[in-house]
$ cat model-v6.pdb   # PDB, C-alpha atoms
ATOM      1  CA  MET A  30     -64.752  84.889  82.896
ATOM      2  CA  ILE A  31     -61.077  84.338  82.032
ATOM      3  CA  ASN A  32     -60.415  84.644  78.309
ATOM      4  CA  HIS A  33     -58.048  81.825  77.296
ATOM      5  CA  PHE A  34     -56.798  81.034  73.775
ATOM      6  CA  LEU A  35     -56.386  77.272  73.565
ATOM      7  CA  SER A  36     -57.730  75.887  70.302
ATOM      8  CA  THR A  37     -59.293  76.707  66.950
ATOM      9  CA  TYR A  38     -61.906  74.004  67.525
ATOM     10  CA  GLN A  39     -65.366  75.607  67.523
ATOM     11  CA  MET A  40     -64.026  79.113  66.874
ATOM     12  CA  SER A  41     -66.718  80.927  64.936
ATOM     13  CA  GLN A  42     -66.196  82.665  61.628
ATOM     14  CA  GLN A  43     -66.865  85.997  63.339
ATOM     15  CA  GLU A  44     -64.303  85.348  66.077
ATOM     16  CA  ILE A  45     -61.654  84.515  63.499
ATOM     17  CA  HIS A  46     -62.641  87.465  61.319
ATOM     18  CA  ASP A  47     -62.337  89.880  64.274
ATOM     19  CA  LEU A  48     -58.971  88.469  65.305
ATOM     20  CA  LEU A  49     -57.607  88.702  61.758
ATOM     21  CA  ASN A  50     -58.788  92.309  61.505
ATOM     22  CA  ALA A  51     -56.979  93.146  64.755
ATOM     23  CA  ALA A  52     -53.867  91.338  63.522
ATOM     24  CA  GLN A  53     -53.936  93.255  60.245
ATOM     25  CA  HIS A  54     -54.142  96.474  62.250
ATOM     26  CA  TYR A  55     -51.051  95.478  64.234
ATOM     27  CA  HIS A  56     -49.309  94.349  61.059
ATOM     28  CA  GLY A  57     -49.673  97.900  59.763
ATOM     29  CA  ILE A  58     -48.284  99.326  62.995
ATOM     30  CA  ASN A  59     -45.312  96.938  63.082
ATOM     31  CA  ASN A  60     -44.356  97.572  59.477
ATOM     32  CA  GLY A  61     -45.380 101.199  59.104
ATOM     33  CA  GLY A  62     -42.802 103.051  61.154
ATOM     34  CA  THR A  63     -44.956 103.573  64.266
ATOM     35  CA  LEU A  64     -42.918 104.260  67.388
ATOM     36  CA  LEU A  65     -43.002 101.170  69.608
ATOM     37  CA  PRO A  66     -43.831 100.066  72.233
ATOM     38  CA  LEU A  67     -47.505 100.927  72.442
ATOM     39  CA  ASP A  68     -49.259 101.490  75.767
ATOM     40  CA  THR A  69     -51.907  98.784  75.223
ATOM     41  CA  LEU A  70     -50.510  96.364  77.830
ATOM     42  CA  ARG A  71     -48.465  98.757  79.938
ATOM     43  CA  GLY A  72     -48.294  97.356  83.478
ATOM     44  CA  LYS A  73     -48.977  93.792  82.329
ATOM     45  CA  MET A  74     -46.533  90.895  82.554
ATOM     46  CA  VAL A  75     -46.540  87.935  80.141
ATOM     47  CA  GLY A  76     -44.959  84.630  81.186
ATOM     48  CA  LEU A  77     -43.386  82.287  78.620
ATOM     49  CA  LEU A  78     -43.270  78.629  79.650
ATOM     50  CA  PHE A  79     -41.807  76.534  76.823
ATOM     51  CA  PHE A  80     -41.014  72.853  77.376
ATOM     52  CA  GLU A  81     -40.094  72.279  73.717
ATOM     53  CA  PRO A  82     -37.558  74.048  71.489
ATOM     54  CA  SER A  83     -38.916  77.077  69.653
ATOM     55  CA  THR A  84     -37.504  79.928  67.616
ATOM     56  CA  ARG A  85     -40.377  81.576  65.724
ATOM     57  CA  THR A  86     -43.205  81.118  68.232
ATOM     58  CA  LYS A  87     -41.322  82.032  71.402
ATOM     59  CA  SER A  88     -39.487  84.972  69.859
ATOM     60  CA  SER A  89     -42.624  86.374  68.256
ATOM     61  CA  PHE A  90     -44.637  86.100  71.489
ATOM     62  CA  GLU A  91     -41.846  87.974  73.270
ATOM     63  CA  ARG A  92     -41.738  90.600  70.528
ATOM     64  CA  ALA A  93     -45.544  90.874  70.510
ATOM     65  CA  ALA A  94     -45.749  91.419  74.269
ATOM     66  CA  LYS A  95     -43.013  94.051  74.229
ATOM     67  CA  ASN A  96     -44.544  95.828  71.233
ATOM     68  CA  LEU A  97     -47.719  96.207  73.286
ATOM     69  CA  GLY A  98     -45.839  97.593  76.274
ATOM     70  CA  ALA A  99     -45.876  94.488  78.473
ATOM     71  CA  GLU A 100     -42.997  93.016  80.429
ATOM     72  CA  VAL A 101     -41.894  89.455  79.627
ATOM     73  CA  VAL A 102     -40.798  86.743  82.044
ATOM     74  CA  GLU A 103     -39.285  83.724  80.307
ATOM     75  CA  LEU A 104     -38.709  80.640  82.454
ATOM     76  CA  GLN A 105     -35.685  78.608  81.371
ATOM     77  CA  THR A 106     -37.145  75.166  82.045
ATOM     78  CA  ALA A 107     -33.781  73.379  81.880
ATOM     79  CA  SER A 108     -32.459  75.450  84.801
ATOM     80  CA  SER A 109     -35.681  75.702  86.821
ATOM     81  CA  SER A 110     -37.006  73.604  89.706
ATOM     82  CA  LEU A 111     -38.659  71.365  87.131
ATOM     83  CA  VAL A 112     -35.380  69.446  86.985
ATOM     84  CA  LYS A 113     -35.749  68.851  90.738
ATOM     85  CA  GLY A 114     -39.155  67.256  90.281
ATOM     86  CA  GLU A 115     -41.475  70.243  90.509
ATOM     87  CA  SER A 116     -44.687  69.672  88.542
ATOM     88  CA  VAL A 117     -45.803  71.737  85.575
ATOM     89  CA  LEU A 118     -48.768  72.966  87.591
ATOM     90  CA  ASP A 119     -46.630  74.071  90.543
ATOM     91  CA  THR A 120     -44.280  75.883  88.170
ATOM     92  CA  ALA A 121     -47.221  77.688  86.557
ATOM     93  CA  ARG A 122     -48.679  78.564  89.964
ATOM     94  CA  THR A 123     -45.295  79.983  90.986
ATOM     95  CA  LEU A 124     -45.301  82.305  87.978
ATOM     96  CA  GLN A 125     -48.893  83.314  88.733
ATOM     97  CA  ALA A 126     -47.936  84.116  92.336
ATOM     98  CA  MET A 127     -45.168  86.368  91.020
ATOM     99  CA  GLY A 128     -47.792  88.490  89.296
ATOM    100  CA  ILE A 129     -47.801  87.473  85.641
ATOM    101  CA  SER A 130     -50.939  88.565  83.801
ATOM    102  CA  ALA A 131     -51.039  85.741  81.206
ATOM    103  CA  LEU A 132     -49.150  82.516  80.561
ATOM    104  CA  VAL A 133     -47.997  81.308  77.144
ATOM    105  CA  VAL A 134     -47.380  77.547  77.211
ATOM    106  CA  ARG A 135     -45.775  75.034  74.856
ATOM    107  CA  HIS A 136     -45.560  71.377  75.866
ATOM    108  CA  ALA A 137     -44.939  68.018  74.183
ATOM    109  CA  SER A 138     -48.027  66.497  75.825
ATOM    110  CA  SER A 139     -51.440  67.241  74.343
ATOM    111  CA  GLY A 140     -53.837  68.917  76.748
ATOM    112  CA  ILE A 141     -51.349  70.599  79.117
ATOM    113  CA  PRO A 142     -52.412  74.195  78.257
ATOM    114  CA  GLU A 143     -56.098  73.305  78.772
ATOM    115  CA  PHE A 144     -55.254  71.585  82.084
ATOM    116  CA  LEU A 145     -53.428  74.704  83.284
ATOM    117  CA  ALA A 146     -56.305  76.904  82.135
ATOM    118  CA  GLN A 147     -58.607  74.945  84.432
ATOM    119  CA  LYS A 148     -56.286  75.427  87.401
ATOM    120  CA  LEU A 149     -55.011  78.996  87.067
ATOM    121  CA  ASP A 150     -56.708  82.357  87.579
ATOM    122  CA  ILE A 151     -55.019  84.047  84.596
ATOM    123  CA  PRO A 152     -55.420  83.644  80.817
ATOM    124  CA  VAL A 153     -53.512  80.748  79.251
ATOM    125  CA  ILE A 154     -52.422  80.818  75.607
ATOM    126  CA  ASN A 155     -51.581  77.582  73.832
ATOM    127  CA  ALA A 156     -48.289  77.930  71.930
ATOM    128  CA  GLY A 157     -48.435  74.298  70.794
ATOM    129  CA  ASP A 158     -49.272  71.075  72.652
ATOM    130  CA  GLY A 159     -48.127  67.734  71.277
ATOM    131  CA  TRP A 160     -49.960  66.699  68.116
ATOM    132  CA  HIS A 161     -53.055  68.569  69.264
ATOM    133  CA  GLN A 162     -53.252  72.314  68.606
ATOM    134  CA  HIS A 163     -51.235  75.395  67.641
ATOM    135  CA  PRO A 164     -53.962  78.036  67.322
ATOM    136  CA  THR A 165     -51.816  81.145  66.818
ATOM    137  CA  GLN A 166     -50.065  79.410  63.904
ATOM    138  CA  ALA A 167     -53.440  78.816  62.256
ATOM    139  CA  MET A 168     -54.359  82.477  62.706
ATOM    140  CA  LEU A 169     -51.121  83.762  61.171
ATOM    141  CA  ASP A 170     -51.566  81.332  58.282
ATOM    142  CA  LEU A 171     -55.075  82.618  57.608
ATOM    143  CA  LEU A 172     -53.818  86.199  57.802
ATOM    144  CA  THR A 173     -51.119  85.395  55.249
ATOM    145  CA  ILE A 174     -53.654  83.842  52.876
ATOM    146  CA  ARG A 175     -56.116  86.709  53.354
ATOM    147  CA  GLN A 176     -53.409  89.216  52.470
ATOM    148  CA  GLU A 177     -52.923  87.321  49.221
ATOM    149  CA  TYR A 178     -56.518  86.871  48.110
ATOM    150  CA  ASP A 179     -59.556  89.105  48.373
ATOM    151  CA  THR A 180     -61.693  86.340  49.858
ATOM    152  CA  LEU A 181     -60.940  83.175  51.801
ATOM    153  CA  ALA A 182     -64.137  81.253  51.088
ATOM    154  CA  GLY A 183     -63.765  78.727  48.308
ATOM    155  CA  ARG A 184     -59.957  78.795  48.223
ATOM    156  CA  LYS A 185     -58.294  75.401  48.123
ATOM    157  CA  VAL A 186     -55.394  74.586  50.472
ATOM    158  CA  LEU A 187     -53.277  71.469  49.979
ATOM    159  CA  PHE A 188     -51.303  70.248  53.013
ATOM    160  CA  VAL A 189     -48.426  67.957  52.122
ATOM    161  CA  GLY A 190     -46.243  66.063  54.565
ATOM    162  CA  ASP A 191     -46.355  64.693  58.082
ATOM    163  CA  ILE A 192     -50.042  65.137  58.849
ATOM    164  CA  ARG A 193     -50.076  62.521  61.616
ATOM    165  CA  HIS A 194     -47.831  64.440  64.005
ATOM    166  CA  SER A 195     -48.889  67.963  62.972
ATOM    167  CA  ARG A 196     -50.693  70.228  65.402
ATOM    168  CA  VAL A 197     -50.448  72.858  62.654
ATOM    169  CA  ALA A 198     -52.559  70.729  60.295
ATOM    170  CA  ARG A 199     -55.225  70.102  62.932
ATOM    171  CA  SER A 200     -55.469  73.722  64.031
ATOM    172  CA  ASN A 201     -55.643  74.936  60.452
ATOM    173  CA  LEU A 202     -58.234  72.364  59.445
ATOM    174  CA  PHE A 203     -60.759  73.640  61.981
ATOM    175  CA  ALA A 204     -60.019  77.325  61.357
ATOM    176  CA  MET A 205     -59.962  77.052  57.569
ATOM    177  CA  GLN A 206     -63.240  75.158  57.462
ATOM    178  CA  ALA A 207     -64.840  77.835  59.632
ATOM    179  CA  MET A 208     -63.749  80.409  57.046
ATOM    180  CA  GLY A 209     -65.012  78.407  54.080
ATOM    181  CA  LEU A 210     -61.722  77.160  52.668
ATOM    182  CA  LYS A 211     -61.449  73.685  51.159
ATOM    183  CA  VAL A 212     -58.716  71.572  52.758
ATOM    184  CA  GLN A 213     -56.901  68.693  51.078
ATOM    185  CA  MET A 214     -54.164  66.569  52.653
ATOM    186  CA  ALA A 215     -51.502  64.368  51.086
ATOM    187  CA  GLY A 216     -48.401  62.498  52.174
ATOM    188  CA  PRO A 217     -47.050  59.020  52.821
ATOM    189  CA  PRO A 218     -49.955  56.754  53.881
ATOM    190  CA  THR A 219     -48.217  56.096  57.205
ATOM    191  CA  LEU A 220     -48.259  59.841  57.937
ATOM    192  CA  VAL A 221     -51.809  60.702  56.847
ATOM    193  CA  PRO A 222     -54.286  59.310  59.412
ATOM    194  CA  PRO A 223     -57.677  58.324  57.917
ATOM    195  CA  GLU A 224     -59.526  60.153  60.698
ATOM    196  CA  MET A 225     -58.580  63.483  59.100
ATOM    197  CA  SER A 226     -61.226  62.687  56.504
ATOM    198  CA  ALA A 227     -63.859  62.400  59.235
ATOM    199  CA  LEU A 228     -62.803  65.851  60.456
ATOM    200  CA  GLY A 229     -63.522  67.329  57.033
ATOM    201  CA  ALA A 230     -60.295  67.104  55.037
ATOM    202  CA  GLU A 231     -60.172  65.524  51.597
ATOM    203  CA  LEU A 232     -57.352  62.978  51.460
ATOM    204  CA  VAL A 233     -55.663  62.864  48.067
ATOM    205  CA  ALA A 234     -53.211  60.357  46.600
ATOM    206  CA  ASP A 235     -52.106  62.168  43.442
ATOM    207  CA  VAL A 236     -49.986  65.087  44.660
ATOM    208  CA  ASP A 237     -49.262  66.422  41.174
ATOM    209  CA  LEU A 238     -52.957  66.621  40.284
ATOM    210  CA  ALA A 239     -53.831  68.330  43.580
ATOM    211  CA  LEU A 240     -50.960  70.799  43.162
ATOM    212  CA  ALA A 241     -52.386  71.943  39.856
ATOM    213  CA  GLU A 242     -55.687  72.885  41.529
ATOM    214  CA  ALA A 243     -54.482  74.394  44.829
ATOM    215  CA  ASP A 244     -54.415  78.091  45.688
ATOM    216  CA  VAL A 245     -52.100  77.402  48.629
ATOM    217  CA  VAL A 246     -49.568  74.589  48.899
ATOM    218  CA  TYR A 247     -48.810  74.188  52.591
ATOM    219  CA  LEU A 248     -45.777  72.019  53.340
ATOM    220  CA  LEU A 249     -45.334  70.335  56.711
ATOM    221  CA  ARG A 250     -42.040  69.382  58.289
ATOM    222  CA  ILE A 251     -41.123  65.729  58.708
ATOM    223  CA  GLN A 252     -41.092  65.536  62.514
ATOM    224  CA  TRP A 253     -38.466  62.913  63.302
ATOM    225  CA  GLU A 254     -38.611  63.753  67.008
ATOM    226  CA  ARG A 255     -42.240  62.551  67.251
ATOM    227  CA  GLN A 256     -42.046  59.497  65.031
ATOM    228  CA  GLN A 257     -41.737  55.817  65.799
ATOM    229  CA  GLY A 258     -39.563  53.687  63.536
ATOM    230  CA  GLY A 259     -40.660  52.507  60.126
ATOM    231  CA  LEU A 260     -43.050  55.308  59.140
ATOM    232  CA  LEU A 261     -40.792  56.641  56.377
ATOM    233  CA  PRO A 262     -38.219  54.754  54.295
ATOM    234  CA  SER A 263     -35.852  57.707  53.742
ATOM    235  CA  LEU A 264     -35.770  61.478  53.351
ATOM    236  CA  ALA A 265     -34.550  61.115  49.779
ATOM    237  CA  GLU A 266     -37.549  58.998  48.842
ATOM    238  CA  TYR A 267     -39.898  61.427  50.578
ATOM    239  CA  ALA A 268     -38.393  64.381  48.691
ATOM    240  CA  ASP A 269     -38.828  62.550  45.411
ATOM    241  CA  TYR A 270     -42.466  61.623  45.974
ATOM    242  CA  TYR A 271     -43.747  64.626  47.931
ATOM    243  CA  GLY A 272     -41.180  67.451  47.926
ATOM    244  CA  ILE A 273     -41.717  70.647  45.964
ATOM    245  CA  ASN A 274     -39.001  70.889  43.324
ATOM    246  CA  ASN A 275     -38.653  72.774  40.042
ATOM    247  CA  ARG A 276     -40.893  70.328  38.199
ATOM    248  CA  ARG A 277     -43.683  70.689  40.732
ATOM    249  CA  LEU A 278     -43.324  74.464  40.817
ATOM    250  CA  GLU A 279     -44.251  74.430  37.125
ATOM    251  CA  LEU A 280     -47.399  72.381  37.873
ATOM    252  CA  MET A 281     -48.822  74.975  40.263
ATOM    253  CA  LYS A 282     -51.380  77.596  39.300
ATOM    254  CA  LYS A 283     -49.879  80.923  38.273
ATOM    255  CA  GLU A 284     -51.101  82.749  41.384
ATOM    256  CA  ALA A 285     -50.649  79.854  43.869
ATOM    257  CA  ILE A 286     -48.413  80.361  46.900
ATOM    258  CA  ILE A 287     -46.198  78.128  49.064
ATOM    259  CA  MET A 288     -46.353  78.145  52.863
ATOM    260  CA  HIS A 289     -44.502  76.291  55.629
ATOM    261  CA  PRO A 290     -44.713  76.705  59.442
ATOM    262  CA  GLY A 291     -40.965  76.183  59.937
ATOM    263  CA  PRO A 292     -38.410  75.083  60.687
ATOM    264  CA  VAL A 293     -37.861  74.126  57.044
ATOM    265  CA  ASN A 294     -35.879  71.056  55.974
ATOM    266  CA  VAL A 295     -34.576  72.452  52.674
ATOM    267  CA  GLY A 296     -34.076  69.624  50.226
ATOM    268  CA  VAL A 297     -36.771  67.508  51.883
ATOM    269  CA  GLU A 298     -40.135  69.328  51.984
ATOM    270  CA  LEU A 299     -39.012  71.746  49.291
ATOM    271  CA  SER A 300     -35.955  72.605  47.263
ATOM    272  CA  ALA A 301     -33.840  75.709  47.811
ATOM    273  CA  ALA A 302     -35.278  77.087  44.573
ATOM    274  CA  ALA A 303     -38.836  76.610  45.850
ATOM    275  CA  TYR A 304     -37.987  78.209  49.191
ATOM    276  CA  ASP A 305     -36.604  81.297  47.459
ATOM    277  CA  SER A 306     -39.171  81.429  44.660
ATOM    278  CA  PRO A 307     -41.621  84.334  44.258
ATOM    279  CA  ARG A 308     -44.362  81.921  45.326
ATOM    280  CA  SER A 309     -42.900  81.471  48.811
ATOM    281  CA  ARG A 310     -44.637  83.261  51.689
ATOM    282  CA  ILE A 311     -42.590  81.621  54.450
ATOM    283  CA  ILE A 312     -40.868  84.824  55.580
ATOM    284  CA  LYS A 313     -44.168  86.673  55.415
ATOM    285  CA  GLN A 314     -45.681  84.094  57.766
ATOM    286  CA  ILE A 315     -42.966  84.862  60.318
ATOM    287  CA  ASN A 316     -43.657  88.589  60.079
ATOM    288  CA  ASN A 317     -47.391  87.993  60.455
ATOM    289  CA  GLY A 318     -46.767  85.864  63.539
ATOM    290  CA  VAL A 319     -45.856  88.918  65.600
ATOM    291  CA  ALA A 320     -49.011  90.772  64.556
ATOM    292  CA  VAL A 321     -51.278  87.793  65.252
ATOM    293  CA  ARG A 322     -49.767  87.230  68.680
ATOM    294  CA  MET A 323     -50.201  90.917  69.482
ATOM    295  CA  ALA A 324     -53.885  90.525  68.591
ATOM    296  CA  VAL A 325     -54.210  87.430  70.792
ATOM    297  CA  LEU A 326     -52.497  89.070  73.777
ATOM    298  CA  ASP A 327     -54.699  92.132  73.326
ATOM    299  CA  ARG A 328     -57.773  89.899  73.219
ATOM    300  CA  VAL A 329     -57.035  87.963  76.413
ATOM    301  CA  LEU A 330     -55.689  90.866  78.485
ATOM    302  CA  THR A 331     -57.933  93.844  77.656
TER     303      THR A 331
END
$ encode --input "model-v6.pdb" --output "structure tokens"
Amino acid sequence: MINHFLSTYQMSQQEIHDLLNAAQHYHGINNGGTLLPLDTLRGKMVGLLFFEPSTRTKSSFERAAKNLGAEVVELQTASSSLVKGESVLDTARTLQAMGISALVVRHASSGIPEFLAQKLDIPVINAGDGWHQHPTQAMLDLLTIRQEYDTLAGRKVLFVGDIRHSRVARSNLFAMQAMGLKVQMAGPPTLVPPEMSALGAELVADVDLALAEADVVYLLRIQWERQQGGLLPSLAEYADYYGINNRRLELMKKEAIIMHPGPVNVGVELSAAAYDSPRSRIIKQINNGVAVRMAVLDRVLT
């Protein structure tokens, strides 16, 4: 059976635990002076098929594959036959015919990675699809939190921002619940869909009160590229009501940390002072992304 990595939905606690352990192992290798690349995926070829802009995810998948000894083929979609009308499926089949061992896919439409997984004979890894899922982001977030605290169960995570359009929030909700974390969500009412409550999140209105109780404050980017008009009056008003500034930093628990999946809108989701504060783990998340994606590639290809 082909081992895809498409979603955190229905991932078991043991599956997540094993993946985080593997990622922590690779984190030690990446940051401990080990001579890279490893031989783990020598002879393998990883294809990157990104239909949306990406810095952190695409670069870290490329770095992860090369660290494991694999070759990387990155298709530049803007200069490929896609602009001539070739379908996503035909493009993916072309890469498969060229001998790639696994395909990493990002697409603006929800469900594209799962569709390709049903049609291809190689593992497919979801690098983000629409508002739906971003499973490797959820894994690197859990790794970052686990590095901070001895146990995950019982920790409280507050997501603040554009929940409606966030595949990061959805992926994390499923994964965090599997690991016993308590998830709260807050933001403008137009950007916090009520159905998140049915999925297990606690929706909160008083951000300041929730901040004071959270172990992790997870800020989400305002995604203008996915929004219809009228959902948000202005960025300045959002920053005032929901952004993390000096006053809100003082409300947080002493040991609480700040996370953000990037890219960060400094001055909107958080102030420059909050970004650079000792609470911030944003750079650590980026570092952990390489280790997590090494663990995922190892899982699907060995």
$ atom_distance --input "model-v6.pdb" --atom1 "CA of Asn201 in chain A" --atom2 "CA of Gln166 in chain A"
7.9 Å
$ axis_aligned_box --input "model-v6.pdb" --around "range 34-37 of chain A" --padding-each-side "3 Å" --output "JSON"
{"center_x": -57.8, "center_y": 78.5, "center_z": 70.4, "size_x": 8.9, "size_y": 11.1, "size_z": 12.8}
$ closest_atom_pairs --input "model-v6.pdb" --of "range 139-215 of chain A" --to "range 271-284 of chain A" --cutoff "10 Å" --atoms "all atoms listed in the file" --output "Markdown table"
| residue | atom | partner | partner_atom | distance |
| --- | --- | --- | --- | --- |
| A:Glu177 | CA | A:Glu284 | CA | 9.3 |
| A:Tyr178 | CA | A:Glu284 | CA | 9.6 |
| A:Val189 | CA | A:Tyr271 | CA | 7.1 |
| A:Gly190 | CA | A:Tyr271 | CA | 7.2 |
| A:Ala215 | CA | A:Tyr271 | CA | 8.4 |
$ closest_residue --input "model-v6.pdb" --among "A:Lys148, A:Arg196, A:His56, A:Arg135" --to "Leu118 in chain A" --atoms "only C-alpha atoms"
A:Lys148
$ residues_near_point --input "model-v6.pdb" --point "(-43.6, 86.2, 67.9)" --cutoff "8 Å" --atoms "only C-alpha atoms" --output "ChimeraX atom specification"
/A:85-93,315,318-320,322
$ write_last_selection --input "model-v6.pdb" --atoms "C-alpha atoms" --output "short mmCIF file (atom, residue, chain, number, x, y, z; two decimals), in the coordinates of the input"
data_model
loop_
_atom_site.label_atom_id
_atom_site.label_comp_id
_atom_site.auth_asym_id
_atom_site.auth_seq_id
_atom_site.Cartn_x
_atom_site.Cartn_y
_atom_site.Cartn_z
CA ARG A 85 -40.38 81.58 65.72
CA THR A 86 -43.20 81.12 68.23
CA LYS A 87 -41.32 82.03 71.40
CA SER A 88 -39.49 84.97 69.86
CA SER A 89 -42.62 86.37 68.26
CA PHE A 90 -44.64 86.10 71.49
CA GLU A 91 -41.85 87.97 73.27
CA ARG A 92 -41.74 90.60 70.53
CA ALA A 93 -45.54 90.87 70.51
CA ILE A 315 -42.97 84.86 60.32
CA GLY A 318 -46.77 85.86 63.54
CA VAL A 319 -45.86 88.92 65.60
CA ALA A 320 -49.01 90.77 64.56
CA ARG A 322 -49.77 87.23 68.68
#
$ resolve_selection --input "model-v6.pdb" --expression "the PyMOL selection byres ((chain A and resi 317) around 12)" --output "VMD selection string"
chain A and resid 49 51 to 60 85 to 86 89 to 90 92 to 93 165 to 176 290 310 to 316 318 to 324
$ resolve_selection --input "model-v6.pdb" --expression "the PyMOL selection byres ((chain A and resi 150-152) around 9)" --output "ChimeraX atom specification"
/A:31-34,125,129-133,146-149,153-154,329-330
$ resolve_selection --input "model-v6.pdb" --expression "the PyMOL selection byres ((chain A and resi 230) around 12)" --output "count of residues only"
30
